[in-house]
>>> print(open('run.csv').read())   # CSV, C-alpha atoms
chain,number,residue,atom,x,y,z
A,1,LEU,CA,17.7,-10.9,-26.7
A,2,GLN,CA,15.5,-8.0,-28.0
A,3,ALA,CA,17.5,-5.6,-25.8
A,4,VAL,CA,20.8,-6.8,-27.2
A,5,ASN,CA,19.3,-6.4,-30.7
A,6,TYR,CA,18.4,-2.8,-30.0
A,7,TYR,CA,21.8,-2.1,-28.5
A,8,LEU,CA,23.7,-3.6,-31.4
A,9,ARG,CA,21.4,-2.3,-34.2
A,10,TYR,CA,20.3,1.1,-33.2
A,11,SER,CA,22.1,4.3,-32.1
A,12,GLN,CA,20.9,6.1,-29.0
A,13,GLU,CA,19.0,8.6,-31.2
A,14,GLU,CA,17.3,5.8,-33.1
A,15,GLN,CA,16.4,4.1,-29.8
A,16,ALA,CA,14.9,7.4,-28.6
A,17,VAL,CA,12.6,7.3,-31.7
A,18,LEU,CA,11.6,3.7,-30.9
A,19,GLU,CA,10.7,4.8,-27.3
A,20,GLN,CA,8.5,7.6,-28.7
A,21,GLU,CA,6.8,5.1,-31.0
A,22,ASN,CA,6.2,2.8,-28.1
A,23,GLU,CA,4.7,5.7,-26.1
A,24,ALA,CA,2.4,6.4,-29.1
A,25,LEU,CA,1.4,2.7,-29.1
A,26,LEU,CA,0.6,2.9,-25.4
A,27,GLU,CA,-1.4,6.1,-25.9
A,28,ASN,CA,-3.4,4.4,-28.7
A,29,VAL,CA,-4.1,1.5,-26.3
A,30,LEU,CA,-5.4,3.9,-23.6
A,31,GLN,CA,-7.6,5.7,-26.2
A,32,GLN,CA,-9.1,2.4,-27.4
A,33,ALA,CA,-9.9,1.5,-23.8
A,34,ASN,CA,-11.6,4.9,-23.3
A,35,LEU,CA,-9.1,5.8,-20.5
A,36,PRO,CA,-8.1,9.4,-19.6
A,37,VAL,CA,-4.9,9.7,-21.7
A,38,GLU,CA,-4.3,13.3,-20.7
A,39,ILE,CA,-3.8,12.2,-17.0
A,40,PHE,CA,-1.4,9.3,-17.9
A,41,ASN,CA,0.6,11.5,-20.3
A,42,ASP,CA,1.1,14.5,-18.0
A,43,PRO,CA,4.9,14.4,-17.2
A,44,SER,CA,4.4,16.8,-14.3
A,45,LEU,CA,2.4,14.2,-12.3
A,46,THR,CA,4.0,11.6,-10.1
A,47,ALA,CA,2.5,8.1,-10.0
A,48,GLU,CA,0.7,8.9,-6.7
A,49,GLU,CA,-0.7,12.1,-8.3
A,50,ILE,CA,-1.9,10.1,-11.3
A,51,VAL,CA,-3.9,7.8,-9.0
A,52,GLN,CA,-5.3,10.9,-7.1
A,53,LYS,CA,-6.3,12.5,-10.4
A,54,LEU,CA,-8.0,9.3,-11.5
A,55,GLU,CA,-10.0,9.1,-8.3
A,56,GLU,CA,-11.0,12.8,-8.6
A,57,LYS,CA,-12.1,12.3,-12.2
A,58,ALA,CA,-14.1,9.2,-11.4
A,59,GLN,CA,-15.9,11.1,-8.6
A,60,GLN,CA,-16.6,14.1,-10.8
A,61,THR,CA,-17.9,12.0,-13.7
A,62,GLY,CA,-20.0,9.8,-11.4
A,63,THR,CA,-21.6,12.9,-9.8
A,64,MET,CA,-22.2,14.4,-13.3
A,65,LEU,CA,-23.9,11.2,-14.5
A,66,GLU,CA,-26.1,11.1,-11.4
A,67,ASN,CA,-27.2,14.7,-11.9
A,68,GLN,CA,-28.0,14.2,-15.6
A,69,GLN,CA,-29.9,11.0,-14.8
A,70,SER,CA,-31.8,12.7,-12.1
A,71,ILE,CA,-32.7,15.7,-14.4
A,72,GLY,CA,-33.9,13.3,-17.0
A,73,LYS,CA,-36.2,11.4,-14.6
A,74,ASN,CA,-37.5,14.6,-13.1
A,75,ASP,CA,-38.5,15.9,-16.5
A,76,GLY,CA,-40.3,12.7,-17.2
A,77,ALA,CA,-38.1,12.2,-20.3
A,78,GLU,CA,-36.7,8.9,-21.2
A,79,GLU,CA,-33.2,8.4,-20.1
A,80,THR,CA,-31.0,8.9,-23.1
A,81,LEU,CA,-27.6,9.0,-21.3
A,82,ASP,CA,-25.4,6.1,-22.0
A,83,PRO,CA,-23.1,5.9,-19.0
A,84,SER,CA,-20.6,3.7,-20.8
A,85,SER,CA,-20.1,6.4,-23.5
A,86,GLN,CA,-19.9,9.3,-21.0
A,87,ASN,CA,-17.8,7.6,-18.4
A,88,TYR,CA,-14.6,5.7,-18.5
A,89,ASP,CA,-14.0,2.5,-16.5
A,90,ALA,CA,-12.6,3.9,-13.2
A,91,GLU,CA,-11.6,0.6,-11.9
A,92,LEU,CA,-9.7,-0.3,-15.1
A,93,ALA,CA,-8.1,3.2,-15.0
A,94,ALA,CA,-6.9,2.6,-11.4
A,95,MET,CA,-5.3,-0.6,-12.4
A,96,VAL,CA,-3.5,1.0,-15.3
A,97,GLY,CA,-2.5,3.7,-12.8
A,98,GLU,CA,-0.8,0.9,-10.8
A,99,ILE,CA,1.2,0.0,-13.9
A,100,TYR,CA,2.4,3.6,-14.3
A,101,ALA,CA,3.4,3.6,-10.6
A,102,LEU,CA,5.2,0.3,-11.1
A,103,ARG,CA,7.0,1.7,-14.1
A,104,THR,CA,8.1,4.8,-12.2
A,105,SER,CA,9.4,2.7,-9.3
A,106,PHE,CA,11.2,0.2,-11.5
A,107,VAL,CA,13.0,2.9,-13.6
A,108,GLY,CA,13.9,4.8,-10.5
A,109,GLN,CA,15.5,1.7,-8.9
A,110,LEU,CA,17.4,0.9,-12.1
A,111,ASP,CA,18.7,4.5,-12.3
A,112,GLY,CA,19.8,4.1,-8.6
A,113,LEU,CA,21.6,0.9,-9.5
A,114,LEU,CA,23.4,2.5,-12.4
A,115,GLN,CA,24.5,5.4,-10.2
A,116,GLN,CA,25.7,3.0,-7.5
A,117,ALA,CA,27.6,0.9,-10.1
A,118,LYS,CA,29.3,4.0,-11.5
A,119,ALA,CA,30.2,5.3,-8.0
A,120,GLU,CA,31.6,1.9,-7.0
A,121,TYR,CA,33.6,1.6,-10.2
A,122,GLY,CA,34.8,5.3,-9.9
A,123,ALA,CA,36.1,4.7,-6.4
A,124,LEU,CA,38.5,2.0,-7.6
A,125,SER,CA,42.1,2.6,-8.7
A,126,PRO,CA,42.9,2.0,-12.4
A,127,GLU,CA,44.4,-1.3,-11.5
A,128,GLN,CA,41.5,-2.4,-9.4
A,129,ARG,CA,39.0,-1.4,-12.2
A,130,GLU,CA,40.7,-3.7,-14.6
A,131,LYS,CA,40.6,-6.6,-12.2
A,132,GLN,CA,37.1,-6.0,-10.9
A,133,LYS,CA,35.3,-4.8,-14.0
A,134,ASN,CA,33.7,-8.2,-14.8
A,135,SER,CA,32.8,-9.0,-11.3
A,136,LEU,CA,31.2,-5.6,-10.8
A,137,ALA,CA,29.3,-6.0,-14.1
A,138,SER,CA,28.0,-9.5,-13.0
A,139,LYS,CA,27.0,-8.1,-9.6
A,140,TYR,CA,24.9,-5.3,-11.0
A,141,ILE,CA,23.4,-7.4,-13.8
A,142,GLY,CA,22.3,-9.8,-11.1
A,143,LEU,CA,20.8,-7.0,-9.0
A,144,ALA,CA,19.0,-5.6,-12.1
A,145,GLY,CA,17.8,-9.1,-13.0
A,146,SER,CA,16.2,-9.5,-9.5
A,147,LEU,CA,14.5,-6.1,-9.9
A,148,GLU,CA,13.2,-7.2,-13.3
A,149,ALA,CA,11.9,-10.5,-12.0
A,150,ASN,CA,10.1,-8.7,-9.2
A,151,CYS,CA,8.7,-6.1,-11.6
A,152,ASP,CA,7.5,-8.9,-14.0
A,153,SER,CA,5.8,-10.6,-11.2
A,154,GLN,CA,3.9,-7.5,-10.1
A,155,MET,CA,3.0,-6.6,-13.7
A,156,GLU,CA,1.6,-10.1,-14.3
A,157,ALA,CA,-0.5,-9.8,-11.1
A,158,ILE,CA,-1.9,-6.5,-12.3
A,159,LEU,CA,-2.6,-7.8,-15.8
A,160,SER,CA,-4.3,-10.8,-14.4
A,161,ARG,CA,-6.6,-8.6,-12.4
A,162,ILE,CA,-7.3,-6.5,-15.5
A,163,GLN,CA,-8.0,-9.6,-17.5
A,164,LYS,CA,-10.5,-10.8,-14.9
A,165,HIS,CA,-12.1,-7.4,-14.7
A,166,LEU,CA,-12.6,-7.1,-18.5
A,167,LYS,CA,-14.0,-10.6,-18.7
A,168,GLU,CA,-16.5,-9.9,-15.9
A,169,ASN,CA,-17.6,-6.6,-17.5
A,170,GLY,CA,-17.7,-7.6,-21.2
A,171,GLY,CA,-14.6,-5.6,-22.0
A,172,ASP,CA,-12.1,-6.3,-24.8
A,173,THR,CA,-9.4,-8.6,-23.3
A,174,SER,CA,-7.0,-7.9,-26.1
A,175,LEU,CA,-6.1,-4.8,-24.1
A,176,VAL,CA,-4.0,-7.1,-21.8
A,177,LYS,CA,-2.0,-8.4,-24.8
A,178,GLU,CA,-1.4,-4.8,-26.0
A,179,ILE,CA,-0.2,-3.6,-22.6
A,180,ARG,CA,2.1,-6.6,-22.3
A,181,LYS,CA,3.5,-5.9,-25.7
A,182,VAL,CA,4.2,-2.2,-24.8
A,183,TYR,CA,5.7,-3.3,-21.5
A,184,GLU,CA,8.1,-5.9,-23.1
A,185,ASN,CA,9.2,-3.3,-25.8
A,186,GLU,CA,9.9,-0.7,-23.1
A,187,LYS,CA,11.9,-3.2,-21.0
A,188,ALA,CA,14.0,-4.1,-24.0
A,189,LEU,CA,14.6,-0.4,-24.8
A,190,LYS,CA,15.5,0.4,-21.2
A,191,LYS,CA,18.0,-2.6,-21.1
A,192,SER,CA,19.6,-1.4,-24.3
A,193,TYR,CA,19.9,2.1,-22.8
A,194,TYR,CA,21.6,0.9,-19.7
A,195,MET,CA,23.9,-1.3,-21.7
A,196,SER,CA,25.0,1.8,-23.6
A,197,MET,CA,25.4,3.7,-20.3
A,198,MET,CA,27.5,1.0,-18.8
A,199,SER,CA,29.8,0.8,-21.8
A,200,SER,CA,30.3,4.5,-22.1
>>> encode(input="run.csv", output="structure tokens")
Amino acid sequence: LQAVNYYLRYSQEEQAVLEQENEALLENVLQQANLPVEIFNDPSLTAEEIVQKLEEKAQQTGTMLENQQSIGKNDGAEETLDPSSQNYDAELAAMVGEIYALRTSFVGQLDGLLQQAKAEYGALSPEQREKQKNSLASKYIGLAGSLEANCDSQMEAILSRIQKHLKENGGDTSLVKEIRKVYENEKALKKSYYMSMMSS
């Protein structure tokens, strides 16, 4: 329903602004969770490269913390380093990385479906297009719905693990609610975008 609302109420330009606002909301969520926003927001990185960068950053930060702690102990000084303030939650970051990978995969598959639908429609004669338009639409809406259900299932599994991790480590579990909100907004915006593509 939210997707239909976006489609009917907002132009493509206005929807682009809403997407930017949703991205800003996601960035704010990452900052609040002390996660490396610069890695997640680098458009040149693939989902796999994001995960690799997160692993490298976790290793570098862990080594740096060990060295600083070792220096403090060798100097006989009290340890003043607070690992939680110097380090981000690498395990949480990895799970958020999985969400980014899921997002990339899902959008890629949807784009593939759109191209496939356009190709199938384009291969028909004008008479066949008129007759098969509704059945083609139903076919691809069904395929997109299956993709969405699969994506939802995977997302909920990741969010469940994030919730468990945050509870066990005294983290703020409201992060899960915020990520879910961003996810639902983005899904609605994507659906609206594909509706406009199919109708053009």
>>> closest_atom_pairs(input="run.csv", of="segment 100-170 of chain A", to="segment 24-39 of chain A", cutoff="12 Å", atoms="all atoms listed in the file", output="Markdown table")
| residue | atom | partner | partner_atom | distance |
| --- | --- | --- | --- | --- |
| A:Tyr100 | CA | A:Ile39 | CA | 10.9 |
| A:Ile162 | CA | A:Ala33 | CA | 11.8 |
| A:Leu166 | CA | A:Ala33 | CA | 10.5 |
>>> closest_residue(input="run.csv", among="A:Arg180, A:Glu19, A:Arg103, A:Gly97", to="Glu49 of chain A", atoms="all atoms listed in the file")
A:Gly97
>>> atom_distance(input="run.csv", atom1="atom CA of Gln116 of chain A", atom2="atom CA of Asn41 of chain A")
29.4 Å
>>> residues_near_point(input="run.csv", point="(-8.1, 13.0, -11.2)", cutoff="12 Å", atoms="only C-alpha atoms", output="PyMOL selection string")
chain A and resi 35-40+42+45+47-61+90+93-94+97
>>> residues_around(input="run.csv", residues="segment 131-133 of chain A", least_positions_apart="2", cutoff="12 Å", atoms="all atoms listed in the file", output="short mmCIF file (atom, residue, chain, number, x, y, z; two decimals) with C-alpha atoms, keeping the file's coordinate frame")
data_model
loop_
_atom_site.label_atom_id
_atom_site.label_comp_id
_atom_site.auth_asym_id
_atom_site.auth_seq_id
_atom_site.Cartn_x
_atom_site.Cartn_y
_atom_site.Cartn_z
CA ALA A 117 27.60 0.90 -10.10
CA LYS A 118 29.30 4.00 -11.50
CA GLU A 120 31.60 1.90 -7.00
CA TYR A 121 33.60 1.60 -10.20
CA GLY A 122 34.80 5.30 -9.90
CA ALA A 123 36.10 4.70 -6.40
CA LEU A 124 38.50 2.00 -7.60
CA SER A 125 42.10 2.60 -8.70
CA PRO A 126 42.90 2.00 -12.40
CA GLU A 127 44.40 -1.30 -11.50
CA GLN A 128 41.50 -2.40 -9.40
CA ARG A 129 39.00 -1.40 -12.20
CA SER A 135 32.80 -9.00 -11.30
CA LEU A 136 31.20 -5.60 -10.80
CA ALA A 137 29.30 -6.00 -14.10
CA SER A 138 28.00 -9.50 -13.00
CA LYS A 139 27.00 -8.10 -9.60
CA TYR A 140 24.90 -5.30 -11.00
CA MET A 198 27.50 1.00 -18.80
CA SER A 199 29.80 0.80 -21.80
#
>>> atom_distance(input="run.csv", atom1="atom CA of Asp172 of chain A", atom2="atom CA of Glu184 of chain A")
20.3 Å
>>> atom_distance(input="run.csv", atom1="atom CA of Asn185 of chain A", atom2="atom CA of Ala16 of chain A")
12.4 Å
>>> residues_around(input="run.csv", residues="Leu159 of chain A", least_positions_apart="5", cutoff="9 Å", atoms="only C-alpha atoms", output="list in words")
Met95, Val96, Ile99, Gln154, Lys164, Val176, Ile179 and Arg180 of chain A
>>> residues_around(input="run.csv", residues="Gly112 of chain A", least_positions_apart="3", cutoff="12 Å", atoms="all atoms listed in the file", output="JSON, numbers by chain")
{"A": [105, 106, 107, 108, 109, 115, 116, 117, 118, 119, 140, 143, 144, 147, 194]}
>>> write_last_selection(input="run.csv", atoms="C-alpha atoms", output="JSON list (two decimals), in the coordinates of the input")
[["chain", "number", "residue", "atom", "x", "y", "z"],
["A", 105, "SER", "CA", 9.40, 2.70, -9.30],
["A", 106, "PHE", "CA", 11.20, 0.20, -11.50],
["A", 107, "VAL", "CA", 13.00, 2.90, -13.60],
["A", 108, "GLY", "CA", 13.90, 4.80, -10.50],
["A", 109, "GLN", "CA", 15.50, 1.70, -8.90],
["A", 115, "GLN", "CA", 24.50, 5.40, -10.20],
["A", 116, "GLN", "CA", 25.70, 3.00, -7.50],
["A", 117, "ALA", "CA", 27.60, 0.90, -10.10],
["A", 118, "LYS", "CA", 29.30, 4.00, -11.50],
["A", 119, "ALA", "CA", 30.20, 5.30, -8.00],
["A", 140, "TYR", "CA", 24.90, -5.30, -11.00],
["A", 143, "LEU", "CA", 20.80, -7.00, -9.00],
["A", 144, "ALA", "CA", 19.00, -5.60, -12.10],
["A", 147, "LEU", "CA", 14.50, -6.10, -9.90],
["A", 194, "TYR", "CA", 21.60, 0.90, -19.70]]
>>> decode(input="run.csv", residues="segment 130-187 of chain A", atoms="C-alpha atoms", output="PDB file, in the first residue's frame")
ATOM      1  CA  GLU A 130      -2.814  -6.164 -26.084  1.00  0.00           C
ATOM      2  CA  LYS A 131      -3.994  -9.713 -25.366  1.00  0.00           C
ATOM      3  CA  GLN A 132      -1.112 -10.759 -23.097  1.00  0.00           C
ATOM      4  CA  LYS A 133      -0.419  -7.508 -21.273  1.00  0.00           C
ATOM      5  CA  ASN A 134      -2.361  -8.459 -18.136  1.00  0.00           C
ATOM      6  CA  SER A 135      -1.064 -12.029 -17.990  1.00  0.00           C
ATOM      7  CA  LEU A 136       2.527 -10.812 -18.403  1.00  0.00           C
ATOM      8  CA  ALA A 137       2.015  -8.255 -15.651  1.00  0.00           C
ATOM      9  CA  SER A 138       0.585 -10.947 -13.348  1.00  0.00           C
ATOM     10  CA  LYS A 139       3.475 -13.280 -14.153  1.00  0.00           C
ATOM     11  CA  TYR A 140       6.180 -10.759 -13.284  1.00  0.00           C
ATOM     12  CA  ILE A 141       4.354  -9.354 -10.261  1.00  0.00           C
ATOM     13  CA  GLY A 142       4.203 -12.929  -8.970  1.00  0.00           C
ATOM     14  CA  LEU A 143       7.910 -13.474  -9.606  1.00  0.00           C
ATOM     15  CA  ALA A 144       8.739 -10.165  -7.902  1.00  0.00           C
ATOM     16  CA  GLY A 145       6.515 -11.136  -4.969  1.00  0.00           C
ATOM     17  CA  SER A 146       8.415 -14.413  -4.545  1.00  0.00           C
ATOM     18  CA  LEU A 147      11.712 -12.520  -4.589  1.00  0.00           C
ATOM     19  CA  GLU A 148      10.387 -10.090  -1.991  1.00  0.00           C
ATOM     20  CA  ALA A 149       9.175 -12.893   0.295  1.00  0.00           C
ATOM     21  CA  ASN A 150      12.580 -14.554   0.067  1.00  0.00           C
ATOM     22  CA  CYS A 151      14.339 -11.252   0.771  1.00  0.00           C
ATOM     23  CA  ASP A 152      12.020 -10.540   3.727  1.00  0.00           C
ATOM     24  CA  SER A 153      12.778 -13.960   5.173  1.00  0.00           C
ATOM     25  CA  GLN A 154      16.539 -13.451   4.883  1.00  0.00           C
ATOM     26  CA  MET A 155      16.295  -9.930   6.302  1.00  0.00           C
ATOM     27  CA  GLU A 156      14.303 -11.080   9.332  1.00  0.00           C
ATOM     28  CA  ALA A 157      16.871 -13.811   9.961  1.00  0.00           C
ATOM     29  CA  ILE A 158      19.695 -11.247   9.962  1.00  0.00           C
ATOM     30  CA  LEU A 159      17.711  -8.822  12.147  1.00  0.00           C
ATOM     31  CA  SER A 160      16.970 -11.640  14.581  1.00  0.00           C
ATOM     32  CA  ARG A 161      20.710 -12.333  14.877  1.00  0.00           C
ATOM     33  CA  ILE A 162      21.410  -8.610  15.333  1.00  0.00           C
ATOM     34  CA  GLN A 163      18.746  -8.417  18.071  1.00  0.00           C
ATOM     35  CA  LYS A 164      20.262 -11.420  19.859  1.00  0.00           C
ATOM     36  CA  HIS A 165      23.776 -10.002  19.542  1.00  0.00           C
ATOM     37  CA  LEU A 166      22.746  -6.586  20.904  1.00  0.00           C
ATOM     38  CA  LYS A 167      20.882  -8.124  23.855  1.00  0.00           C
ATOM     39  CA  GLU A 168      23.840 -10.323  24.759  1.00  0.00           C
ATOM     40  CA  ASN A 169      26.258  -7.389  24.578  1.00  0.00           C
ATOM     41  CA  GLY A 170      24.157  -4.683  26.199  1.00  0.00           C
ATOM     42  CA  GLY A 171      23.582  -2.828  22.932  1.00  0.00           C
ATOM     43  CA  ASP A 172      20.658  -0.642  21.980  1.00  0.00           C
ATOM     44  CA  THR A 173      18.091  -2.982  20.429  1.00  0.00           C
ATOM     45  CA  SER A 174      16.151  -0.036  18.958  1.00  0.00           C
ATOM     46  CA  LEU A 175      18.704  -0.306  16.138  1.00  0.00           C
ATOM     47  CA  VAL A 176      16.736  -3.300  14.802  1.00  0.00           C
ATOM     48  CA  LYS A 177      13.525  -1.270  14.644  1.00  0.00           C
ATOM     49  CA  GLU A 178      15.308   1.577  12.841  1.00  0.00           C
ATOM     50  CA  ILE A 179      16.902  -0.751  10.271  1.00  0.00           C
ATOM     51  CA  ARG A 180      13.553  -2.428   9.637  1.00  0.00           C
ATOM     52  CA  LYS A 181      11.933   0.988   9.115  1.00  0.00           C
ATOM     53  CA  VAL A 182      14.586   1.986   6.565  1.00  0.00           C
ATOM     54  CA  TYR A 183      14.193  -1.383   4.845  1.00  0.00           C
ATOM     55  CA  GLU A 184      10.401  -1.072   4.558  1.00  0.00           C
ATOM     56  CA  ASN A 185      10.708   2.501   3.253  1.00  0.00           C
ATOM     57  CA  GLU A 186      13.247   1.458   0.653  1.00  0.00           C
ATOM     58  CA  LYS A 187      11.124  -1.487  -0.470  1.00  0.00           C
TER      59      LYS A 187
END
